[in-house]
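Undergrad: Handing you this structure, nothing more for now.
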Amino acid sequence: MPYTNERRTPEKMAEVATEIRRDIVRMLVEAKSGHSGGPLGSADIFAVLYMGGVMKHDPANPHMPGRDRFVLSAGHMCPVLYATLANAGYFPKSELMTLRKFGTRLQGHPGRDMELPGIETSSGSLGQGLSIAVGMAMAEKLLDHSDARVYCLTGDGELQEGSIWESVMSAAHYGLDNFCMIVDNNDCQIDGRVPDVMNVYPIRAKFESFNFHVIDVDGHDHGALLRAFDEARSVSGRPTCIIAKTYMGAGVSFMQDRFEWHGKPPSADQAAIALEELTRTS
Amino acid sequence: MKFEKYDSKATRFGFGEALVALGERDERVVVLGGDITGSVMTSYFKERFPERFFSMGIAEQNATTVAAGLALSGKIPFFASYGAFCALRNADQLRISVCYNEANVKIGGGHSGISVGPDGATHQVLEDIAYLHALPKMTLVVPCDYVEARKATIAIGEMVGPAYIRFGREATPVFTKDDTPFTLGKAEVFREGTDVAIIACGPMVWEALHAAEVLSAEGIEARVINMHTIKPLDTATIAAAARDCGAIVTAEEAQIIGGLGSAVAQVVVKNHPVPMEFVGVTDTFGGSGTPDELMKAFGLTHDFIVASVRKVLRRRAGELDGVHEMTEVGMPGEEPKNYPKPGVVFPIDELVAADRATEQVA
């Protein structure tokens, strides 16, 4: 689909998100390894960010000065970022089928060295992407005085990394109101439910105590997501944390809300069922 | 002896002054502080360019990674702290966010080596060279004195890519001049000789020159090489030293395992194998004391270099066969001795008895 920065209706967003999900399934079954759960669960957030008119960006000019930036701190979720970028027109959709293969630009975790259009930074060692995003937001707001915004998505299990809180502290200290992080709150990580592995709750109170503006949102409700990003943009003097409640594996019945699907791909048979379900829901 | 006529000044001041010079000529230069700005001399920049100085608190992992973000947005960020915290505590951040990203981040690592003194082992970083020179894309510089620290800081600020400069706390002799040549990646021969080569970095270059004077009196002419850049390493100068001199001693204020000595040995073995000896910290942690006491106790003064040269020359002559442990410095049975770190030197029993006697009087 040709990309434009214009706003789309929630109905159109749903179509985009389904196409991203279908691509994720196709990529993973081809790659025979990779993460299914988080990418499927966060597809709605990516559809809204990149193709809902939220981010100022240009797929034909990935290094456009003054662009908004997106950092995927949870690097293992890259299939959803790759699928979104391809659907937005950053690179050919056929390249999605090279995921995780030798010599691909679509590395198992994003690698800036491969120069895939739209990838702002390498990530995969959890926690680091958030600090990089803070550095970018500092450059835009404090040094270049631009109105560019920086978005960063972390997992909820990722909040267990200590450096996350160093980063959060610094974003609030410098009043980075151009900084908007999204916590993909699917409550699942590799070893189990987040509170069982290491409890990170209450998430909202933690961010509020660090002087963030906090927004709770249904991470599958496109209209609500659009409103949340609008609200974040209107906040002055404080960074924003959007806690997006999602279901891991959303859209595929046998994956949904099951932490077992964090880090594995579907088999060919499972993929066929998943694609069938994703046709029906679109 | 003539070595005493030079003034002394710590390399950290060269770093701090150069940051201001860089800031004046390029407004993309920004500095991140980690709460010890007056100690690693980023305070100069902070005073001169407050709008381009960012206090990041005691949070080195975040500061390193924020620096990467600033670099990816076109800035030239310097982050400085003690090497223990900005080379090792943030090791993964350096690996992924800085080096894998090829982010144009510059790290200044202070309080390097044993000469930190009374602060003790936690603050005396000795393993930084081993880690940093294993990182792809990293440039690693260890300037030999205050003047060279200034030049090296300017040089890493002007190059594009990740770089680390290692400097010290203690005042050390300033023996290079403004016009002494300095090029990143190009070692300097500070003294000619063909009997043995001494390859050193940091303030140990001074000790190497001192050792060469002592050896010269014995008729041994040592080539002294200032290997200020450990990565990229000047392999041509090392290979030439091996061919011309036939024996090499390295000297560094760091762990010899993975340090300059390891790096040089790889080049020597690959190009022109000759006997080598290694002066450095021998697989042990530091401790408290005055810098002078510690440098002696840990085998890092010029006389250890002299002893190592004598030994390497005897080994070249076919003597001293057998297995030589890495922790062995100098010749067996001669002073200075093989070094393992000394234990507690105070007579604890006597101190306890003295306390008891005081209590009884009170």
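Residue numbers start at 1 in each chain; chains themselves are named A, B, ... in the order of the structure tokens; ligands are numbered from 1 in the order shown.
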Quick one: which residues from chain B are at most 12 Å off chain A, using only C-alpha atoms, as a ChimeraX atom specification?
TA: /B:27-30,32,50-77,89-103,105,137
Undergrad: Near Val116 of chain B, counting only C-alpha atoms, which residues have an atom at most 10 Å away, once you skip same-chain residues fewer than 5 positions from it, shown as a list in words?
TA: Gly110, His111, Ala121, His123, Gln124, Val125, Gly168, Arg169, Glu170, Gly286, Gly287, Ser288, Gly289, Thr290, Pro291 and Leu294 of chain B
Undergrad: Pick out each residue of segment 53-156 of chain A that DSSP on the backbone tags as alpha helix (DSSP H); I need them as a PDB file with N, CA and C atoms, in the first residue's frame.
TA:
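Okay, this is what ended up in result_28.pdb:
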```
ATOM      1  N   CYS A  78      11.583  -7.835  16.817  1.00  0.00           N
ATOM      2  CA  CYS A  78      11.814  -7.198  15.516  1.00  0.00           C
ATOM      3  C   CYS A  78      10.943  -7.703  14.361  1.00  0.00           C
ATOM      4  N   PRO A  79      10.428  -8.934  14.359  1.00  0.00           N
ATOM      5  CA  PRO A  79       9.572  -9.296  13.219  1.00  0.00           C
ATOM      6  C   PRO A  79       8.426  -8.305  13.001  1.00  0.00           C
ATOM      7  N   VAL A  80       7.857  -7.778  14.074  1.00  0.00           N
ATOM      8  CA  VAL A  80       6.747  -6.826  13.904  1.00  0.00           C
ATOM      9  C   VAL A  80       7.262  -5.506  13.343  1.00  0.00           C
ATOM     10  N   LEU A  81       8.464  -5.109  13.751  1.00  0.00           N
ATOM     11  CA  LEU A  81       9.029  -3.862  13.215  1.00  0.00           C
ATOM     12  C   LEU A  81       9.362  -4.034  11.736  1.00  0.00           C
ATOM     13  N   TYR A  82       9.994  -5.156  11.386  1.00  0.00           N
ATOM     14  CA  TYR A  82      10.329  -5.402   9.981  1.00  0.00           C
ATOM     15  C   TYR A  82       9.061  -5.428   9.121  1.00  0.00           C
ATOM     16  N   ALA A  83       8.042  -6.154   9.605  1.00  0.00           N
ATOM     17  CA  ALA A  83       6.804  -6.267   8.822  1.00  0.00           C
ATOM     18  C   ALA A  83       6.153  -4.897   8.661  1.00  0.00           C
ATOM     19  N   THR A  84       6.188  -4.093   9.714  1.00  0.00           N
ATOM     20  CA  THR A  84       5.590  -2.752   9.644  1.00  0.00           C
ATOM     21  C   THR A  84       6.348  -1.873   8.656  1.00  0.00           C
ATOM     22  N   LEU A  85       7.681  -1.901   8.764  1.00  0.00           N
ATOM     23  CA  LEU A  85       8.496  -1.064   7.872  1.00  0.00           C
ATOM     24  C   LEU A  85       8.269  -1.457   6.410  1.00  0.00           C
ATOM     25  N   ALA A  86       8.190  -2.768   6.154  1.00  0.00           N
ATOM     26  CA  ALA A  86       7.985  -3.221   4.778  1.00  0.00           C
ATOM     27  C   ALA A  86       6.612  -2.780   4.273  1.00  0.00           C
ATOM     28  N   ASN A  87       5.610  -2.913   5.128  1.00  0.00           N
ATOM     29  CA  ASN A  87       4.263  -2.496   4.722  1.00  0.00           C
ATOM     30  C   ASN A  87       4.166  -0.992   4.532  1.00  0.00           C
ATOM     31  N   ALA A  88       5.003  -0.249   5.262  1.00  0.00           N
ATOM     32  CA  ALA A  88       5.004   1.208   5.106  1.00  0.00           C
ATOM     33  C   ALA A  88       5.774   1.630   3.861  1.00  0.00           C
ATOM     34  N   GLN A 128      18.747  -1.414  26.877  1.00  0.00           N
ATOM     35  CA  GLN A 128      19.617  -0.410  26.259  1.00  0.00           C
ATOM     36  C   GLN A 128      18.886   0.514  25.285  1.00  0.00           C
ATOM     37  N   GLY A 129      17.902  -0.032  24.570  1.00  0.00           N
ATOM     38  CA  GLY A 129      17.195   0.800  23.599  1.00  0.00           C
ATOM     39  C   GLY A 129      16.543   2.006  24.253  1.00  0.00           C
ATOM     40  N   LEU A 130      16.064   1.823  25.470  1.00  0.00           N
ATOM     41  CA  LEU A 130      15.390   2.928  26.159  1.00  0.00           C
ATOM     42  C   LEU A 130      16.377   4.069  26.416  1.00  0.00           C
ATOM     43  N   SER A 131      17.589   3.726  26.838  1.00  0.00           N
ATOM     44  CA  SER A 131      18.594   4.773  27.086  1.00  0.00           C
ATOM     45  C   SER A 131      19.006   5.453  25.781  1.00  0.00           C
ATOM     46  N   ILE A 132      19.104   4.682  24.721  1.00  0.00           N
ATOM     47  CA  ILE A 132      19.433   5.278  23.420  1.00  0.00           C
ATOM     48  C   ILE A 132      18.349   6.272  23.030  1.00  0.00           C
ATOM     49  N   ALA A 133      17.101   5.882  23.236  1.00  0.00           N
ATOM     50  CA  ALA A 133      15.984   6.771  22.897  1.00  0.00           C
ATOM     51  C   ALA A 133      16.042   8.046  23.739  1.00  0.00           C
ATOM     52  N   VAL A 134      16.418   7.919  24.998  1.00  0.00           N
ATOM     53  CA  VAL A 134      16.556   9.106  25.852  1.00  0.00           C
ATOM     54  C   VAL A 134      17.644  10.021  25.292  1.00  0.00           C
ATOM     55  N   GLY A 135      18.759   9.425  24.875  1.00  0.00           N
ATOM     56  CA  GLY A 135      19.834  10.220  24.278  1.00  0.00           C
ATOM     57  C   GLY A 135      19.360  10.953  23.033  1.00  0.00           C
ATOM     58  N   MET A 136      18.575  10.269  22.200  1.00  0.00           N
ATOM     59  CA  MET A 136      18.034  10.907  20.985  1.00  0.00           C
ATOM     60  C   MET A 136      17.091  12.050  21.357  1.00  0.00           C
ATOM     61  N   ALA A 137      16.272  11.814  22.369  1.00  0.00           N
ATOM     62  CA  ALA A 137      15.312  12.852  22.779  1.00  0.00           C
ATOM     63  C   ALA A 137      16.044  14.056  23.364  1.00  0.00           C
ATOM     64  N   MET A 138      17.151  13.802  24.075  1.00  0.00           N
ATOM     65  CA  MET A 138      17.961  14.906  24.606  1.00  0.00           C
ATOM     66  C   MET A 138      18.555  15.719  23.456  1.00  0.00           C
TER      67      MET A 138
END
```
Undergrad: I'd like the neighbourhood of Met114 of chain A as an NGL selection string, where a residue qualifies if any of its atoms comes within 10 Å (using only C-alpha atoms), though same-chain residues fewer than 4 positions away should be ignored.
TA: :A and (103-107 or 110 or 119 or 122)
Undergrad: Taking the DSSP assignment computed from this structure's backbone, write out as a PDB file with N, CA and C atoms, in the first residue's frame all residues of segment 159-289 of chain B that belong to strand (DSSP E or B).
TA:
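Contents of selection07.pdb, freshly written:
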```
ATOM      1  N   ALA B 163      35.664   5.324  20.747  1.00  0.00           N
ATOM      2  CA  ALA B 163      37.043   5.417  21.223  1.00  0.00           C
ATOM      3  C   ALA B 163      37.068   5.532  22.734  1.00  0.00           C
ATOM      4  N   TYR B 164      38.149   5.041  23.297  1.00  0.00           N
ATOM      5  CA  TYR B 164      38.340   5.076  24.756  1.00  0.00           C
ATOM      6  C   TYR B 164      39.730   5.606  25.035  1.00  0.00           C
ATOM      7  N   ILE B 165      39.830   6.564  25.950  1.00  0.00           N
ATOM      8  CA  ILE B 165      41.140   7.041  26.372  1.00  0.00           C
ATOM      9  C   ILE B 165      41.313   6.716  27.855  1.00  0.00           C
ATOM     10  N   ARG B 166      42.460   6.114  28.167  1.00  0.00           N
ATOM     11  CA  ARG B 166      42.727   5.649  29.531  1.00  0.00           C
ATOM     12  C   ARG B 166      43.706   6.620  30.180  1.00  0.00           C
ATOM     13  N   THR B 172      52.368  12.263  37.022  1.00  0.00           N
ATOM     14  CA  THR B 172      53.487  11.489  36.479  1.00  0.00           C
ATOM     15  C   THR B 172      54.323  12.433  35.611  1.00  0.00           C
ATOM     16  N   PRO B 173      55.604  12.111  35.374  1.00  0.00           N
ATOM     17  CA  PRO B 173      56.483  13.026  34.652  1.00  0.00           C
ATOM     18  C   PRO B 173      55.943  13.422  33.276  1.00  0.00           C
ATOM     19  N   THR B 183      50.325  10.349  16.324  1.00  0.00           N
ATOM     20  CA  THR B 183      49.287   9.946  15.377  1.00  0.00           C
ATOM     21  C   THR B 183      48.637   8.695  15.937  1.00  0.00           C
ATOM     22  N   LYS B 186      49.881   4.934  15.457  1.00  0.00           N
ATOM     23  CA  LYS B 186      51.281   4.934  15.017  1.00  0.00           C
ATOM     24  C   LYS B 186      52.180   5.047  16.256  1.00  0.00           C
ATOM     25  N   GLU B 188      55.514   5.410  18.581  1.00  0.00           N
ATOM     26  CA  GLU B 188      56.693   6.263  18.463  1.00  0.00           C
ATOM     27  C   GLU B 188      57.891   5.575  19.112  1.00  0.00           C
ATOM     28  N   VAL B 189      59.015   5.555  18.389  1.00  0.00           N
ATOM     29  CA  VAL B 189      60.250   5.053  18.978  1.00  0.00           C
ATOM     30  C   VAL B 189      60.881   6.222  19.741  1.00  0.00           C
ATOM     31  N   PHE B 190      60.906   6.126  21.059  1.00  0.00           N
ATOM     32  CA  PHE B 190      61.421   7.214  21.893  1.00  0.00           C
ATOM     33  C   PHE B 190      62.924   7.078  22.152  1.00  0.00           C
ATOM     34  N   ARG B 191      63.450   5.882  21.908  1.00  0.00           N
ATOM     35  CA  ARG B 191      64.880   5.683  22.120  1.00  0.00           C
ATOM     36  C   ARG B 191      65.318   4.582  21.178  1.00  0.00           C
ATOM     37  N   VAL B 196      67.538  -4.994  22.637  1.00  0.00           N
ATOM     38  CA  VAL B 196      66.252  -5.442  23.172  1.00  0.00           C
ATOM     39  C   VAL B 196      65.251  -4.320  22.919  1.00  0.00           C
ATOM     40  N   ALA B 197      63.977  -4.680  22.804  1.00  0.00           N
ATOM     41  CA  ALA B 197      62.950  -3.636  22.674  1.00  0.00           C
ATOM     42  C   ALA B 197      62.063  -3.642  23.912  1.00  0.00           C
ATOM     43  N   ILE B 198      61.807  -2.454  24.424  1.00  0.00           N
ATOM     44  CA  ILE B 198      60.846  -2.319  25.526  1.00  0.00           C
ATOM     45  C   ILE B 198      59.641  -1.585  24.957  1.00  0.00           C
ATOM     46  N   ILE B 199      58.498  -2.260  24.971  1.00  0.00           N
ATOM     47  CA  ILE B 199      57.277  -1.673  24.418  1.00  0.00           C
ATOM     48  C   ILE B 199      56.342  -1.383  25.577  1.00  0.00           C
ATOM     49  N   ALA B 200      55.992  -0.110  25.750  1.00  0.00           N
ATOM     50  CA  ALA B 200      55.215   0.281  26.929  1.00  0.00           C
ATOM     51  C   ALA B 200      54.080   1.204  26.535  1.00  0.00           C
ATOM     52  N   ALA B 222      68.667  -0.426  24.624  1.00  0.00           N
ATOM     53  CA  ALA B 222      67.271  -0.826  24.437  1.00  0.00           C
ATOM     54  C   ALA B 222      66.537   0.153  23.533  1.00  0.00           C
ATOM     55  N   ARG B 223      65.725  -0.387  22.647  1.00  0.00           N
ATOM     56  CA  ARG B 223      64.804   0.456  21.874  1.00  0.00           C
ATOM     57  C   ARG B 223      63.545   0.625  22.730  1.00  0.00           C
ATOM     58  N   VAL B 224      63.150   1.857  22.967  1.00  0.00           N
ATOM     59  CA  VAL B 224      61.946   2.092  23.775  1.00  0.00           C
ATOM     60  C   VAL B 224      60.831   2.600  22.867  1.00  0.00           C
ATOM     61  N   ILE B 225      59.730   1.875  22.871  1.00  0.00           N
ATOM     62  CA  ILE B 225      58.611   2.204  21.989  1.00  0.00           C
ATOM     63  C   ILE B 225      57.396   2.622  22.814  1.00  0.00           C
ATOM     64  N   ASN B 226      56.877   3.787  22.487  1.00  0.00           N
ATOM     65  CA  ASN B 226      55.653   4.277  23.127  1.00  0.00           C
ATOM     66  C   ASN B 226      54.453   3.776  22.332  1.00  0.00           C
ATOM     67  N   THR B 229      48.690   3.717  21.233  1.00  0.00           N
ATOM     68  CA  THR B 229      47.424   3.198  20.714  1.00  0.00           C
ATOM     69  C   THR B 229      47.469   1.675  20.756  1.00  0.00           C
ATOM     70  N   ILE B 230      46.598   1.089  21.547  1.00  0.00           N
ATOM     71  CA  ILE B 230      46.590  -0.376  21.655  1.00  0.00           C
ATOM     72  C   ILE B 230      45.655  -0.969  20.622  1.00  0.00           C
ATOM     73  N   LYS B 231      44.693  -0.171  20.172  1.00  0.00           N
ATOM     74  CA  LYS B 231      43.834  -0.581  19.065  1.00  0.00           C
ATOM     75  C   LYS B 231      43.463   0.650  18.267  1.00  0.00           C
ATOM     76  N   ILE B 248      61.932  -8.949  23.431  1.00  0.00           N
ATOM     77  CA  ILE B 248      60.995  -7.862  23.753  1.00  0.00           C
ATOM     78  C   ILE B 248      60.512  -7.977  25.191  1.00  0.00           C
ATOM     79  N   VAL B 249      60.430  -6.815  25.848  1.00  0.00           N
ATOM     80  CA  VAL B 249      59.785  -6.722  27.163  1.00  0.00           C
ATOM     81  C   VAL B 249      58.657  -5.712  27.030  1.00  0.00           C
ATOM     82  N   THR B 250      57.470  -6.070  27.493  1.00  0.00           N
ATOM     83  CA  THR B 250      56.373  -5.101  27.498  1.00  0.00           C
ATOM     84  C   THR B 250      56.163  -4.593  28.917  1.00  0.00           C
ATOM     85  N   ALA B 251      55.626  -3.395  29.029  1.00  0.00           N
ATOM     86  CA  ALA B 251      55.393  -2.807  30.350  1.00  0.00           C
ATOM     87  C   ALA B 251      54.098  -2.015  30.343  1.00  0.00           C
ATOM     88  N   GLU B 252      53.230  -2.313  31.282  1.00  0.00           N
ATOM     89  CA  GLU B 252      51.928  -1.644  31.363  1.00  0.00           C
ATOM     90  C   GLU B 252      51.429  -1.677  32.800  1.00  0.00           C
ATOM     91  N   GLU B 253      50.568  -0.721  33.119  1.00  0.00           N
ATOM     92  CA  GLU B 253      49.975  -0.673  34.461  1.00  0.00           C
ATOM     93  C   GLU B 253      48.595  -1.299  34.373  1.00  0.00           C
ATOM     94  N   ALA B 254      48.575  -2.579  34.018  1.00  0.00           N
ATOM     95  CA  ALA B 254      47.314  -3.284  33.802  1.00  0.00           C
ATOM     96  C   ALA B 254      47.596  -4.778  33.894  1.00  0.00           C
ATOM     97  N   GLN B 255      46.532  -5.574  33.858  1.00  0.00           N
ATOM     98  CA  GLN B 255      46.717  -7.021  33.868  1.00  0.00           C
ATOM     99  C   GLN B 255      47.512  -7.430  32.628  1.00  0.00           C
ATOM    100  N   MET B 276      59.927 -13.175  24.932  1.00  0.00           N
ATOM    101  CA  MET B 276      59.287 -11.971  25.507  1.00  0.00           C
ATOM    102  C   MET B 276      59.156 -12.109  27.009  1.00  0.00           C
ATOM    103  N   GLU B 277      59.199 -10.981  27.695  1.00  0.00           N
ATOM    104  CA  GLU B 277      58.856 -10.920  29.113  1.00  0.00           C
ATOM    105  C   GLU B 277      57.805  -9.827  29.282  1.00  0.00           C
ATOM    106  N   PHE B 278      57.037  -9.951  30.342  1.00  0.00           N
ATOM    107  CA  PHE B 278      55.886  -9.058  30.529  1.00  0.00           C
ATOM    108  C   PHE B 278      55.928  -8.394  31.901  1.00  0.00           C
ATOM    109  N   VAL B 279      55.989  -7.083  31.908  1.00  0.00           N
ATOM    110  CA  VAL B 279      55.884  -6.351  33.175  1.00  0.00           C
ATOM    111  C   VAL B 279      54.475  -5.771  33.241  1.00  0.00           C
ATOM    112  N   GLY B 280      53.808  -6.068  34.338  1.00  0.00           N
ATOM    113  CA  GLY B 280      52.423  -5.614  34.502  1.00  0.00           C
ATOM    114  C   GLY B 280      51.861  -6.269  35.745  1.00  0.00           C
ATOM    115  N   VAL B 281      50.557  -6.137  35.924  1.00  0.00           N
ATOM    116  CA  VAL B 281      49.935  -6.757  37.095  1.00  0.00           C
ATOM    117  C   VAL B 281      49.655  -8.213  36.747  1.00  0.00           C
TER     118      VAL B 281
END
```
Undergrad: Show which residues sit within 9 Å of Gln160 of chain A, as a list in words. Count only C-alpha atoms, and ignore same-chain residues fewer than 5 positions away.
TA: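 With the cut-off at 9 Å, the set is Gly127, Met198, Asn199 and Val200 of chain A.
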Undergrad: Generate the output file for the selected residues, N, CA and C atoms, as a compact mmCIF listing (two decimals), in the first residue's frame.
TA:
```txt
# COMPACT_ATOMS: atom_id res chain seq x y z
N GLY A 127 16.91 -3.30 27.73
CA GLY A 127 17.10 -2.09 28.52
C GLY A 127 17.84 -1.01 27.77
N MET A 198 9.52 -12.33 38.01
CA MET A 198 9.98 -11.25 38.89
C MET A 198 8.96 -10.13 38.77
N ASN A 199 8.28 -9.88 39.84
CA ASN A 199 7.15 -8.97 39.75
C ASN A 199 7.57 -7.54 39.45
N VAL A 200 6.96 -6.95 38.44
CA VAL A 200 7.26 -5.55 38.10
C VAL A 200 6.09 -4.62 38.46
```
Undergrad: Between atom CA of Pro59 of chain A and atom CA of Leu116 of chain A, what distance in Å does the model show, to one decimal?
TA: 11.4 Å
Undergrad: What separation in Å, quoted to one decimal, exists between atom CA of Ser42 of chain A and atom CA of Thr246 of chain A?
TA: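 Taking atom CA of Ser42 of chain A and atom CA of Thr246 of chain A, their separation equals 6.9 Å.
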Undergrad: Do you know which residues are at most 8 Å from Leu126 of chain A counting only C-alpha atoms, after dropping those on the same chain fewer than 3 positions away, and could you put them as a PyMOL selection string?
TA: chain A and resi 73-75+123+129+158+161
Undergrad: Counting only C-alpha atoms, what is within 7 Å of segment 258-272 of chain A, bar same-chain residues fewer than 3 positions away, as a list of chain:residue names?
TA: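 The neighbour list is A:Val25, A:Leu28, A:Val29, A:Lys32, A:Ser33, A:Gly34, A:His35, A:Ser36, A:Gly37, A:Gly38, A:Cys188, A:Gln189, A:Ile190, A:Gly192, A:Arg193, A:Met248, A:Met255, A:Leu275, A:Glu276.
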